[in-house]
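I have placed the structure first, in the form of structure tokens, so that the comments after it can refer back to it.
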Number of protein chains: 2
Amino acid sequence: SLRHGAPRTEAEPELSGWELAADAVPEDSLWPLPQWVRTYPRQLQLAPSRFQLVHGAGSSAGPGCGLLQDAFRRYYEYMFGHSRRRTWGRRPLAARAEPELFQLQVVIEAGDPGCDRHPHLASSEAYHLTVTEPVAILKASEVWGALRGLETFSQLVHEDDYGSFLVNESEINDFPRFAHRGVLLDTSRHYLPLKSILTNLDAMAFNKFNVLHWHIVDDQSFPYQSIYFPELSDKGAYSSNLIYTPTDVRVVIEYARLRGIRVIPEFDTPGHTQSWGKGQKDLLTPCYNGGQPTGSFGPVNPVWNTTYDFMTKFFKEISSVFPDEFIHLGGDEVDFSCWKSNPEVKEFMKKQGFGIDYAKLESYYVQNILDIVSSYNKGQMVWQEVFDHKAQLKPDTVVQVWMANNYARELSRVTGAGFTAVLSAPWYLDYISYGQDWKKYYSVEPLNFPGSEEQKKLLIGGEACLWGEFVDATNLTPRLWPRASAVGERLWSSSNVTNLQDAYKRLTHHRCRML
Amino acid sequence: SLRHGAPRTEAEPELSGWELAADAVPEDSLWPLPQWVRTYPRQLQLAPSRFQLVHGAGSSAGPGCGLLQDAFRRYYEYMFGHSRRRTWGRRPLAARAEPELFQLQVVIEAGDPGCDRHPHLASSEAYHLTVTEPVAILKASEVWGALRGLETFSQLVHEDDYGSFLVNESEINDFPRFAHRGVLLDTSRHYLPLKSILTNLDAMAFNKFNVLHWHIVDDQSFPYQSIYFPELSDKGAYSSNLIYTPTDVRVVIEYARLRGIRVIPEFDTPGHTQSWGKGQKDLLTPCYNGGQPTGSFGPVNPVWNTTYDFMTKFFKEISSVFPDEFIHLGGDEVDFSCWKSNPEVKEFMKKQGFGIDYAKLESYYVQNILDIVSSYNKGQMVWQEVFDHKAQLKPDTVVQVWMANNYARELSRVTGAGFTAVLSAPWYLDYISYGQDWKKYYSVEPLNFPGSEEQKKLLIGGEACLWGEFVDATNLTPRLWPRASAVGERLWSSSNVTNLQDAYKRLTHHRCRML
């Protein structure tokens, strides 16, 4: 059967529970659906005792490529590790008539395979996979494409009722539709143990996501253990053991890297910073009432030089701890009421000629932070308000559109102004409702906004956001997966892959495999 | 502080995350809130190496009472087992000034303590607990009250920052407001592994629930492995390993019994029986179209004698496998369209003089089943339609009210006709929504329906229902708990325990302890 991103036209009944169609075809197991798939009826058998994932002839990567070696081990385990009926070569394969597939040869074509690098926005994730007797060949320009192809290959391999591992002869040509395919985790409202984050990275790899947007701190807690400012987590974390040490952070980054996933940390300022104030005196704005300080604090104080001294040092650390080219600087939901109450802030407003337009003060602050972070050669992501309030952004700033109200118009504005955009508005997965809400997430067409071809190109992807008000280690996985898988396919597969019944059939398989 | 089911009147701020009030009082840890609590500021210390749960003088139970011995072991573990800073008597208690509590003495006052019995609707769960130096005393008429009191005692014990276990001197007099406090699990839409069911029984015990309503089979699958009719699960289960063997069922019943929880199995007929038809030929009604059988089947065939022969034998088995006095016979949502299409059924309707009133046929069928089950000396629970459609019910039939639309009126009707009722309508916990929906479940007042004092007495309790369309082992626990805890307190505590802020504070503690 041939499928070039084309949905089936036949009406297919919804499947209930575990019931799977008896006439399942090989591509029914693929998620997200590759850009181009051709499968043949001829099946090849894999013997766990003999089958190998190896570097192919002409590959620029070899046994010294730790990233691929680790991926080979991992995907071998995914394909064969669960089987309790493992034959380990003792059972004659001749029991079945199928010819055997002996190897998957992985060929990295670029001169530098990138084994020790970090993935980035422009990394190639394209791959080409052919499965024919006696060896399958996976070609990719860079290791990132090989990782995606290994995932696809593993999805093609299935176990029959007799415990034999089979794969149909097939050819797949694949690449992502969007370059930025993210999941936002929030470790401030509830702390997430390292294990939860790593498990989530596994699930992301199964769905070809490539960005972990780590909303690491917020008003509620500051679990990031800073090297320069350890008091931030000493005082701002929920407790002394609910923190991410420098080692923890390195573990997350490396675990993600091995799966082709970037880690973009978010340190959201000037709002959402109540927890920062606990460990860093004189950082937040003192709020006033009737001429007297109330003892409460508002957003980061944009007036004092000490604020920028702190931020300069703090973001120097962040820029060095997190290798990604981008840092997310937040900038959302700044409440002006405390600034408005503070005499020093009011005086500053007058001096700067901002009048009573506190959005200008916000932009002034953000501008300073953008300049600081730019000086460390980091690109910047910001929430849409930073654009809306007219801060002067660097041309390569990525604006994240999150407000559900008419997000198409916002995408149009952001890209119309020449900025790169990432879409989250329709994918706030912390909001739950009864039933199969994945269909709602799946049915979003990101490019359905008014704009030129050039503008459409500026939308580089999207993110499924799981804010942490009602999420912790006890419910993270079942709340996020497989709902986020819907977003994963929307961001990877061709725009015409929209058939819900076909998607449901594949997603059912995919969930089972992920479990 | 004294609390006689009285909510606090002070305005208290909502607590966020793990932050707990510094001025926490001992009863802030209790859930569900006992009927009468008095606590004193004086604290007693418990040394894990010395503290014992023992049978008190004058108790009719002794070391031969396996149920209590098991509960002693379990509650010791709950109280001290999690502590990694266990001192095992090596650290001198003199480090603290508090006097020591050496024992909890449990005294069962009834002549027969009931150690080997099963709990039933009329079992006493009342208990009286006094905690004073040097021993605490827990008195209960039957072992079931002792189990509830052990849970309460364990909730009073807390560990301070230095790893010391403390309990305030206190006195508690407690009993349930309603006798039937249930959780419905559905193992047909998705199979639940034994472990999930047992974990749920633990959670139920933590919340003083006393009925597991086991909706074991339905249209989707038949996981109950019948002794007389093994083909029912051979053909009707999702797969041959997704079944409950006779041993599994015994394990569930015994695990529940040891926690004072009844297991009421539901075998819902005549509707919701598609899975029965796979393993039992000629049980379901063949549907017709244009004078020809379509190959589809409807509800159980109420016309043939073979149906009743089968049901007689089947319910004989069920009556013997499940020791509870009640069996739930279902009777909800019967779709008449197939019956209407079937010539034999139409002929039967005519012969019986039912006209075109298929509710009469349904009642005819249900009547037969009720008679069969009565002959095995079992009481019956049914869904409200059985009452609505005017089946002639035994006087002790329990009618379960589930339809959300004006359930107060239905409660009024059912109890007005002299029948016992159980309320589920406001507690369908499979329906989810964003945020703290526990408040909605908590705020239900079950007796808020029109009726006399006599009628109010006929409402014996309620059930939190977790239907299985979107629930399996991956999300059962975080979806059900602590949301069901809200129902647990509503059914146990005094009707005037309604303060949401006070409940939130206690529920936060309680969730933490359950985790």
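Letters A, B, ... go to the chains of the structure tokens in the order shown; residues in each chain start at 1; ligands are counted from 1 in the same order.
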### Task
Show me which bits of chain A are within 12 Å of chain B, counting only C-alpha atoms, as a VMD selection string.
chain A and resid 15 to 20 187 to 191 219 to 221 237 to 239 242 428 to 437 467 to 482 511 to 512 514 to 515
### Query
Residues of region 40-195 of chain A in helix (DSSP H, G or I) according to DSSP, as a VMD selection string?
chain A and resid 66 to 81 93 to 95 143 to 156 194 to 195
### Query
Could you name the residues that touch Glu453 (chain B) at 12 Å or less, counting only C-alpha atoms, but leaving out those on the same chain fewer than 6 positions away, as a PyMOL selection string?
chain B and resi 412+415-416+447+459
### Message
Could you list, as a ChimeraX atom specification, every residue within 9 Å of Phe322 (chain B), counting only C-alpha atoms and ignoring same-chain residues fewer than 5 positions away?
### Response
/B:249-250,253,263-265,317,327
### All strand (DSSP E) residues (DSSP, backbone) inside region 126-340 of chain A, as a VMD selection string
chain A and resid 127 to 131 135 to 140 158 to 159 165 to 174 180 to 186 211 to 215 262 to 266 284 to 289 292 to 300 326 to 328
#### Entry: Non-local contacts of Val167 (chain A) (12 Å; only C-alpha atoms; under 6 positions in same chain excluded) as a PyMOL selection string
chain A and resi 25-27+29+39-47+79+98-102+104+130-136+152-160
### Query
Using only C-alpha atoms, which of the listed residues (B:Ala110, B:Val487, B:Leu370, B:Val303) sits closest to Ser124 (chain B)?
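For Ser124 (chain B), the nearest of the given residues is B:Ala110.
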### Query
Which residues, written as an MDAnalysis selection string, have at least one atom at most 9 Å from Pro426 (chain A), with only C-alpha atoms counted and residues fewer than 6 positions away on the same chain left out?
chainID A and resid 402:404 407 440:441 444 464
### Task
Find the residues around Pro119 (chain B) up to 10 Å (only C-alpha atoms counted), leave out those fewer than 6 positions away in its own chain, and share them as a PyMOL selection string.
chain B and resi 125+142-144+210-211+256-263+323-325
### Task
One decimal, Å: what's the distance from CA of Arg483 (chain B) over to CA of Val422 (chain B), could you say?
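Between CA of Arg483 (chain B) and CA of Val422 (chain B) the gap works out to 19.1 Å.
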### Task
Enter the distance from CA of Ser275 (chain B) to CA of Pro230 (chain B), in Å, rounded to one decimal.
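Straight-line distance from CA of Ser275 (chain B) to CA of Pro230 (chain B) works out to 13.1 Å.
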### Task
Quote the spacing between CA of Phe80 (chain B) and CA of Thr245 (chain A) in Å to one decimal place.
29.6 Å
